[in-house]
Structure formats: C-alpha cells, structure tokens
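What follows is target.cif (mmCIF, C-alpha atoms).
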```cif
data_my_file
#
loop_
_atom_site.label_atom_id
_atom_site.label_comp_id
_atom_site.auth_asym_id
_atom_site.auth_seq_id
_atom_site.Cartn_x
_atom_site.Cartn_y
_atom_site.Cartn_z
CA MET A 6 7.26 -7.09 -21.34
CA ASP A 7 6.07 -9.87 -19.02
CA SER A 8 3.26 -9.57 -16.51
CA ILE A 9 5.61 -9.21 -13.51
CA GLU A 10 7.40 -6.25 -15.08
CA LEU A 11 4.16 -4.68 -16.27
CA ALA A 12 2.65 -5.00 -12.78
CA GLU A 13 5.77 -3.43 -11.30
CA ARG A 14 5.59 -0.45 -13.64
CA LYS A 15 1.89 0.06 -13.01
CA SER A 16 2.43 -0.21 -9.27
CA ARG A 17 5.23 2.38 -9.34
CA ALA A 18 3.16 4.77 -11.48
CA TRP A 19 0.24 4.30 -9.09
CA ALA A 20 2.43 5.15 -6.09
CA VAL A 21 3.72 8.33 -7.77
CA MET A 22 0.14 9.29 -8.63
CA LEU A 23 -0.83 8.86 -4.97
CA TYR A 24 1.90 11.33 -3.96
CA VAL A 25 0.68 13.83 -6.58
CA LEU A 26 -2.97 13.44 -5.61
CA GLY A 27 -2.08 13.78 -1.93
CA ALA A 28 -0.20 17.02 -2.65
CA VAL A 29 -3.13 18.39 -4.70
CA LEU A 30 -5.55 17.49 -1.88
CA LEU A 31 -3.41 19.20 0.75
CA LEU A 32 -2.84 22.30 -1.39
CA SER A 33 -6.54 22.68 -2.25
CA GLU A 34 -7.37 22.32 1.44
CA LEU A 35 -4.81 24.97 2.51
CA ILE A 36 -5.77 27.37 -0.29
CA GLY A 37 -9.50 26.87 0.42
CA MET A 38 -9.06 27.65 4.11
CA THR A 39 -6.72 30.63 3.72
CA VAL A 40 -6.24 32.70 0.58
CA LEU A 41 -9.09 31.64 -1.71
CA GLN A 42 -12.27 30.98 0.24
CA ARG A 43 -14.53 30.38 -2.74
CA ASP A 44 -17.21 27.80 -3.51
CA PHE A 45 -15.37 26.43 -6.52
CA VAL A 46 -12.26 25.75 -4.39
CA ASP A 47 -14.48 23.95 -1.86
CA GLY A 48 -16.03 21.93 -4.68
CA PHE A 49 -12.62 21.16 -6.15
CA TRP A 50 -11.37 19.95 -2.76
CA LEU A 51 -14.47 17.73 -2.35
CA GLY A 52 -13.97 16.22 -5.81
CA VAL A 53 -10.28 15.52 -5.18
CA ALA A 54 -11.07 14.05 -1.75
CA LEU A 55 -13.60 11.64 -3.28
CA VAL A 56 -11.06 10.55 -5.90
CA CYS A 57 -8.44 10.09 -3.16
CA ALA A 58 -10.82 7.92 -1.14
CA VAL A 59 -11.44 5.72 -4.18
CA THR A 60 -7.68 5.23 -4.70
CA LEU A 61 -7.51 3.52 -1.30
CA LEU A 62 -10.13 0.93 -2.22
CA PRO A 63 -9.27 -2.43 -3.83
CA TRP A 64 -11.39 -1.54 -6.88
CA ARG A 65 -9.16 -3.53 -9.23
CA ARG A 66 -10.06 -6.72 -7.39
CA TRP A 67 -13.75 -5.80 -7.49
CA LEU A 68 -13.86 -4.85 -11.17
CA LYS A 69 -11.74 -7.61 -12.72
CA PRO A 70 -10.90 -10.26 -10.12
CA ASP A 71 -9.68 -12.77 -12.72
CA SER A 72 -7.24 -10.48 -14.53
CA PRO A 73 -3.66 -11.78 -14.02
CA ILE A 74 -2.28 -8.23 -13.79
CA ASN A 75 -4.91 -7.22 -11.25
CA ARG A 76 -4.07 -10.29 -9.18
CA LEU A 77 -0.42 -9.16 -9.08
CA LEU A 78 -1.44 -5.57 -8.29
CA GLU A 79 -3.66 -6.76 -5.44
CA ASP A 80 -1.56 -9.52 -3.97
CA GLU A 81 -0.86 -10.25 -0.33
CA VAL A 82 1.74 -7.57 0.27
CA VAL A 83 -0.39 -4.86 -1.36
CA ARG A 84 -3.33 -5.80 0.86
CA GLU A 85 -1.03 -5.58 3.88
CA HIS A 86 0.21 -2.15 2.74
CA ARG A 87 -3.38 -0.97 2.27
CA ARG A 88 -4.30 -2.17 5.73
CA MET A 89 -1.28 -0.44 7.32
CA SER A 90 -1.90 2.81 5.44
CA CYS A 91 -5.58 2.85 6.40
CA VAL A 92 -4.51 2.47 10.04
CA ALA A 93 -2.13 5.43 9.56
CA GLY A 94 -5.03 7.40 8.04
CA PHE A 95 -7.27 6.55 10.97
CA TRP A 96 -4.74 7.85 13.52
CA ALA A 97 -4.07 11.00 11.49
CA GLY A 98 -7.81 11.64 11.27
CA LEU A 99 -8.26 11.05 14.99
CA ALA A 100 -5.32 13.31 15.90
CA SER A 101 -6.58 16.10 13.66
CA ALA A 102 -10.13 15.75 15.04
CA LEU A 103 -8.81 16.05 18.60
CA GLY A 104 -6.52 18.91 17.57
CA THR A 105 -9.26 20.95 15.91
CA ALA A 106 -12.00 20.25 18.50
CA PRO A 107 -11.04 23.18 20.82
CA PHE A 108 -11.04 25.63 17.89
CA ALA A 109 -14.44 24.39 16.72
CA HIS A 110 -15.75 24.64 20.28
CA ASP A 111 -14.67 28.28 20.48
CA GLY A 112 -16.19 29.04 17.07
CA MET A 113 -12.83 29.71 15.38
CA LEU A 114 -13.42 26.93 12.86
CA SER A 115 -16.68 26.06 11.14
CA ALA A 116 -18.01 22.50 11.02
CA TYR A 117 -17.13 22.38 7.32
CA ASP A 118 -13.54 23.44 8.01
CA VAL A 119 -13.17 20.80 10.72
CA SER A 120 -14.51 18.07 8.45
CA ARG A 121 -12.12 19.22 5.71
CA VAL A 122 -9.12 19.16 8.05
CA VAL A 123 -9.98 15.71 9.39
CA ALA A 124 -10.68 14.20 5.96
CA THR A 125 -7.56 15.76 4.43
CA ALA A 126 -5.32 14.56 7.26
CA ALA A 127 -6.73 11.03 7.11
CA LEU A 128 -6.55 10.73 3.33
CA PHE A 129 -3.13 12.38 3.04
CA ALA A 130 -1.57 10.16 5.70
CA ALA A 131 -3.10 7.01 4.20
CA MET A 132 -2.08 7.83 0.63
CA VAL A 133 1.47 8.90 1.45
CA SER A 134 2.10 5.87 3.65
CA PHE A 135 0.61 3.53 1.03
CA ALA A 136 2.77 5.03 -1.73
CA THR A 137 5.88 4.95 0.46
CA LEU A 138 5.36 1.31 1.47
CA GLU A 139 4.78 0.31 -2.15
CA LEU A 140 7.87 2.10 -3.46
CA ARG A 141 10.02 0.78 -0.62
CA ALA A 142 8.88 -2.78 -1.32
CA ALA A 143 9.69 -2.41 -5.01
CA ARG A 144 13.33 -1.44 -4.40
CA MET B 7 6.17 -13.66 19.50
CA SER B 8 9.10 -15.30 17.72
CA GLU B 9 10.59 -13.67 14.68
CA LEU B 10 10.20 -15.60 11.44
CA LEU B 11 13.46 -16.24 9.59
CA ASN B 12 13.68 -17.54 6.07
CA SER B 13 16.20 -18.83 3.56
CA LEU B 14 14.11 -17.84 0.55
CA LYS B 15 16.95 -15.95 -1.12
CA ASP B 16 19.39 -18.88 -0.76
CA GLU B 17 16.83 -21.36 -2.08
CA ARG B 18 15.93 -19.06 -4.98
CA GLU B 19 19.58 -18.57 -5.91
CA ARG B 20 20.16 -22.32 -5.63
CA LEU B 21 17.72 -22.73 -8.52
CA GLY B 22 19.23 -19.77 -10.42
CA LEU B 23 16.00 -17.78 -10.22
CA THR B 24 15.67 -14.02 -10.06
CA GLN B 25 13.08 -12.43 -7.75
CA ALA B 26 10.92 -11.77 -10.81
CA GLY B 27 11.29 -15.39 -11.94
CA LEU B 28 10.21 -16.75 -8.58
CA ALA B 29 7.38 -14.21 -8.42
CA GLU B 30 6.09 -15.36 -11.80
CA ARG B 31 6.17 -19.02 -10.78
CA ALA B 32 4.45 -18.33 -7.47
CA GLY B 33 1.88 -15.97 -9.01
CA VAL B 34 2.74 -12.97 -6.86
CA SER B 35 4.44 -9.62 -7.47
CA ARG B 36 8.21 -9.15 -7.18
CA LYS B 37 7.49 -6.80 -4.26
CA THR B 38 6.11 -9.72 -2.31
CA ILE B 39 9.21 -11.84 -2.89
CA ASN B 40 11.47 -8.89 -2.03
CA THR B 41 9.67 -8.06 1.23
CA VAL B 42 9.53 -11.72 2.31
CA GLU B 43 13.26 -12.18 1.61
CA ASN B 44 14.09 -9.07 3.61
CA GLY B 45 11.91 -10.15 6.53
CA VAL B 46 9.70 -7.06 6.16
CA PHE B 47 6.58 -9.07 5.34
CA VAL B 48 5.47 -12.30 6.97
CA PRO B 49 3.68 -14.35 4.31
CA SER B 50 0.42 -16.18 4.89
CA THR B 51 0.48 -19.96 5.29
CA THR B 52 -0.92 -20.28 1.77
CA LEU B 53 1.87 -18.22 0.24
CA ALA B 54 4.56 -19.95 2.32
CA LEU B 55 3.32 -23.34 1.11
CA ARG B 56 3.14 -22.10 -2.48
CA LEU B 57 6.72 -20.76 -2.34
CA ALA B 58 7.92 -24.05 -0.84
CA ARG B 59 6.21 -25.98 -3.63
CA VAL B 60 7.75 -23.76 -6.32
CA LEU B 61 11.20 -24.16 -4.77
CA GLY B 62 10.75 -27.92 -4.32
CA ARG B 63 11.53 -27.84 -0.60
CA PRO B 64 9.47 -28.51 2.54
CA VAL B 65 8.11 -25.30 4.04
CA GLU B 66 10.06 -25.77 7.28
CA ALA B 67 13.31 -25.83 5.27
CA ILE B 68 12.57 -22.29 4.08
CA PHE B 69 10.81 -20.72 7.07
CA ARG B 70 11.79 -21.19 10.70
CA LEU B 71 11.26 -19.42 14.03
CA ALA B 72 14.23 -17.49 15.41
CA ASP B 73 14.09 -19.25 18.78
CA ASP B 74 14.31 -22.66 17.08
CA GLN B 75 18.00 -22.12 16.43
#
```

Write-out of the structure in structure tokens:
Amino acid sequence: MDSIELAERKSRAWAVMLYVLGAVLLLSELIGMTVLQRDFVDGFWLGVALVCAVTLLPWRRWLKPDSPINRLLEDEVVREHRRMSCVAGFWAGLASALGTAPFAHDGMLSAYDVSRVVATAALFAAMVSFATLELRAAR
Amino acid sequence: MSELLNSLKDERERLGLTQAGLAERAGVSRKTINTVENGVFVPSTTLALRLARVLGRPVEAIFRLADDQ
C-alpha cells in the first residue's frame, strides 16, 4: 500500500471516528442533563469533551512534522477543512450561548449546564462538519 | 471576486495520471487533487505552481479566471 492510499484510509477512519466521538459527546451531554444527573456522567462528559477538543487540533503536524504520512494528513485542504469546521463550531457555540442565556438568567439552567451546552454545541458542530468535509473531499 | 477555473483534470489525463498518481508527485493527498479539480478548493499559489511544475505546463495554462474568457 502506498503512502497516498494509506493516508486516504487513515483520513477516512479519522472522519468516522469524529462522527462516533461527536455522537458520544452529545449523548453523554443529554443523559447528564436529563435522566442520569450523576457526578460520573459529568466527569465522563468532561473527559470526552477534552478528547474531542484535541481531535480538532493539528497535533500530527506538531508531533511529527517530517513524517510523509502526516504531511499528507495535514495538507492544504485538511487545514482549510479544519478552519471551516472551527468557524462552524464558533457559530454553533455562539448560537447556543445566546439561546441558553435567558434560561440561565431565570435560574432554570445552572452555570455548569450552560457551559456544557455551549461546549457540546461548538465541539459537535466542528467535528461533524470537519468529518463531512473530509469524507466529501475523498469521494 | 472572479471564480477560478482550471483544466487540471484534462492536463492530468493528458499525461495518463490518476488523481492518486498526481497527488503522489505533487506531495499532497488525493483529496486535495479531487477538490481542486472539482473547483471546491482554491489552491494556494505554492500548490498551483507545484502542480504546474509536475504537469510540465505554465501555471496560467492550468488555472485561469472566469472573466478572462
């Protein structure tokens, strides 16, 4: 298998993993706010959210900048997709912050719940759009 | 701003290269070649020059502005 094919497979697997992680993040957020309001669910959500945030960083380029595979996995179009998905995440975070502000003002949502909603919305939107752009480009 | 058109696919096929083959020669992923060919992604000047060099054509023979026609 040559480096182009290997990079393509890794990229596709990465995109699928982003969808899965995004779904886990959203589910843990919904479960934590509704049916299972327990500390371990909160901790689980926080752990998943931190992992999700790391997936949006160009850590491959930072760790091994000279690796030929990493150069293919972090090329121009991937950087453009990351930029576009982070913009999508920003707008989702802003919309959710504005949407939850009245509920927080009236005491219906705690500060922790608001921060969870905003972080989940931002991360979910960024990850899903990144994965979608990557898979669409690989068609 | 003018749309950027390209004849990357025609030039690649002229040399009998697949997208993966061109990607390997240019040192980018196949996704990049695919998105440039489809006009989804506008490449940087560096990448445009590199693609032109790989294809053995001047850059303006591959990339042109829509309102130049």

Select from chain B every residue with an atom at most 10 Å from any atom of chain A, then for each give the shortest pair of atoms and their distance in Å to one decimal, using all atoms listed in the file, rows by chain and rising number, as JSON lines.
```
{"residue": "B:Gln25", "atom": "CA", "partner": "A:Ile9", "partner_atom": "CA", "distance": 10.0}
{"residue": "B:Ala26", "atom": "CA", "partner": "A:Ile9", "partner_atom": "CA", "distance": 6.5}
{"residue": "B:Gly27", "atom": "CA", "partner": "A:Ile9", "partner_atom": "CA", "distance": 8.5}
{"residue": "B:Ala29", "atom": "CA", "partner": "A:Ile9", "partner_atom": "CA", "distance": 7.4}
{"residue": "B:Glu30", "atom": "CA", "partner": "A:Ile9", "partner_atom": "CA", "distance": 6.4}
{"residue": "B:Gly33", "atom": "CA", "partner": "A:Leu77", "partner_atom": "CA", "distance": 7.2}
{"residue": "B:Val34", "atom": "CA", "partner": "A:Leu77", "partner_atom": "CA", "distance": 5.4}
{"residue": "B:Ser35", "atom": "CA", "partner": "A:Leu77", "partner_atom": "CA", "distance": 5.1}
{"residue": "B:Arg36", "atom": "CA", "partner": "A:Ile9", "partner_atom": "CA", "distance": 6.8}
{"residue": "B:Lys37", "atom": "CA", "partner": "A:Ala143", "partner_atom": "CA", "distance": 5.0}
{"residue": "B:Thr38", "atom": "CA", "partner": "A:Val82", "partner_atom": "CA", "distance": 5.5}
{"residue": "B:Ile39", "atom": "CA", "partner": "A:Val82", "partner_atom": "CA", "distance": 9.2}
{"residue": "B:Asn40", "atom": "CA", "partner": "A:Ala142", "partner_atom": "CA", "distance": 6.7}
{"residue": "B:Thr41", "atom": "CA", "partner": "A:Ala142", "partner_atom": "CA", "distance": 5.9}
{"residue": "B:Val42", "atom": "CA", "partner": "A:Val82", "partner_atom": "CA", "distance": 9.1}
{"residue": "B:Asn44", "atom": "CA", "partner": "A:Ala142", "partner_atom": "CA", "distance": 9.5}
{"residue": "B:Val46", "atom": "CA", "partner": "A:Ala142", "partner_atom": "CA", "distance": 8.7}
{"residue": "B:Phe47", "atom": "CA", "partner": "A:Val82", "partner_atom": "CA", "distance": 7.2}
{"residue": "B:Val48", "atom": "CA", "partner": "A:Val82", "partner_atom": "CA", "distance": 9.0}
{"residue": "B:Pro49", "atom": "CA", "partner": "A:Glu81", "partner_atom": "CA", "distance": 7.7}
{"residue": "B:Ser50", "atom": "CA", "partner": "A:Glu81", "partner_atom": "CA", "distance": 8.0}
{"residue": "B:Leu53", "atom": "CA", "partner": "A:Glu81", "partner_atom": "CA", "distance": 8.4}
```

List the spatial neighbours of Ala97 in chain A as a PyMOL selection string - criterion: any atom at most 6 Å away, all atoms listed in the file, same-chain residues fewer than 2 positions off excluded.
chain A and resi 94-95+99-100+126-127

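With all atoms listed in the file as the atoms that count, the minimum distance from Ala54 in chain A to the choices A:Arg87, A:Tyr117, A:Leu41, A:Leu30 is reached by A:Leu30.
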
Please, what distance in Å, to one decimal, runs between CA of Lys15 in chain B and CA of Leu28 in chain B?
10.1 Å

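Pairwise distance (CA of Leu62 in chain A, CA of Val21 in chain A) equals 16.7 Å.
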
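Here CA of Leu61 in chain B is placed at a distance of 12.3 Å from CA of Thr24 in chain B.
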
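For the set B:Ala32, B:Ala72, B:Ala58, B:Val65, the residue with the smallest atom-to-atom gap to Leu11 in chain B is B:Ala72, counting all atoms listed in the file.
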
Might you pull out every residue within 9 Å of Ile68 in chain B, with all atoms listed in the file counted and same-chain residues fewer than 4 positions away left off, and present them as a compact mmCIF listing (two decimals) with C-alpha atoms, in the coordinates of the input?
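File written: around01.txt
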```
# COMPACT_ATOMS: atom_id res chain seq x y z
CA LEU B 11 13.46 -16.24 9.59
CA ASN B 12 13.68 -17.54 6.07
CA SER B 13 16.20 -18.83 3.56
CA LEU B 14 14.11 -17.84 0.55
CA GLU B 17 16.83 -21.36 -2.08
CA ALA B 54 4.56 -19.95 2.32
CA LEU B 57 6.72 -20.76 -2.34
CA ALA B 58 7.92 -24.05 -0.84
CA ARG B 63 11.53 -27.84 -0.60
CA PRO B 64 9.47 -28.51 2.54
```

Any chance you could resolve the PyMOL selection byres ((chain A and resi 132) around 9) against this file and give the residues as a ChimeraX atom specification?
/A:20,23-24,26-27,57-58,60-61,90-91,94,127-131,133-137

What would the list of residues within 10 Å of (-7.3, 19.8, 6.4) (file frame) look like as an mmCIF file with C-alpha atoms, in the frame of the given file, if all atoms listed in the file are what count?
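Generated file (part.cif):
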```cif
data_model
loop_
_atom_site.group_PDB
_atom_site.id
_atom_site.type_symbol
_atom_site.label_atom_id
_atom_site.label_comp_id
_atom_site.auth_asym_id
_atom_site.auth_seq_id
_atom_site.Cartn_x
_atom_site.Cartn_y
_atom_site.Cartn_z
ATOM 1 C CA LEU A 30 -5.550 17.490 -1.880
ATOM 2 C CA LEU A 31 -3.410 19.200 0.750
ATOM 3 C CA LEU A 32 -2.840 22.300 -1.390
ATOM 4 C CA SER A 33 -6.540 22.680 -2.250
ATOM 5 C CA GLU A 34 -7.370 22.320 1.440
ATOM 6 C CA LEU A 35 -4.810 24.970 2.510
ATOM 7 C CA GLY A 37 -9.500 26.870 0.420
ATOM 8 C CA MET A 38 -9.060 27.650 4.110
ATOM 9 C CA GLY A 98 -7.810 11.640 11.270
ATOM 10 C CA SER A 101 -6.580 16.100 13.660
ATOM 11 C CA ALA A 102 -10.130 15.750 15.040
ATOM 12 C CA THR A 105 -9.260 20.950 15.910
ATOM 13 C CA ASP A 118 -13.540 23.440 8.010
ATOM 14 C CA VAL A 119 -13.170 20.800 10.720
ATOM 15 C CA SER A 120 -14.510 18.070 8.450
ATOM 16 C CA ARG A 121 -12.120 19.220 5.710
ATOM 17 C CA VAL A 122 -9.120 19.160 8.050
ATOM 18 C CA VAL A 123 -9.980 15.710 9.390
ATOM 19 C CA ALA A 124 -10.680 14.200 5.960
ATOM 20 C CA THR A 125 -7.560 15.760 4.430
ATOM 21 C CA ALA A 126 -5.320 14.560 7.260
ATOM 22 C CA ALA A 127 -6.730 11.030 7.110
ATOM 23 C CA LEU A 128 -6.550 10.730 3.330
ATOM 24 C CA PHE A 129 -3.130 12.380 3.040
#
```

Range 40-59 of chain A: axis-aligned bounding box, 3 Å on each side, centre and edge lengths in Å, one decimal, as lines of an AutoDock Vina configuration file:
```
center_x = -11.7
center_y = 19.2
center_z = -3.0
size_x = 17.0
size_y = 33.0
size_z = 13.1
```

Return as a list in words the set of residues that the PyMOL selection byres ((chain B and resi 71) around 6) yields on the displayed structure.
Ser8, Glu9, Leu10, Leu11, Arg70, Ala72, Asp73 and Asp74 of chain B

Output file for the selection above: C-alpha atoms, as a PDB file, keeping the file's coordinate frame:
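The new file out36.pdb reads:
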```
ATOM      1  CA  SER B   8       9.100 -15.300  17.720  1.00  0.00           C
ATOM      2  CA  GLU B   9      10.590 -13.670  14.680  1.00  0.00           C
ATOM      3  CA  LEU B  10      10.200 -15.600  11.440  1.00  0.00           C
ATOM      4  CA  LEU B  11      13.460 -16.240   9.590  1.00  0.00           C
ATOM      5  CA  ARG B  70      11.790 -21.190  10.700  1.00  0.00           C
ATOM      6  CA  ALA B  72      14.230 -17.490  15.410  1.00  0.00           C
ATOM      7  CA  ASP B  73      14.090 -19.250  18.780  1.00  0.00           C
ATOM      8  CA  ASP B  74      14.310 -22.660  17.080  1.00  0.00           C
TER       9      ASP B  74
END
```
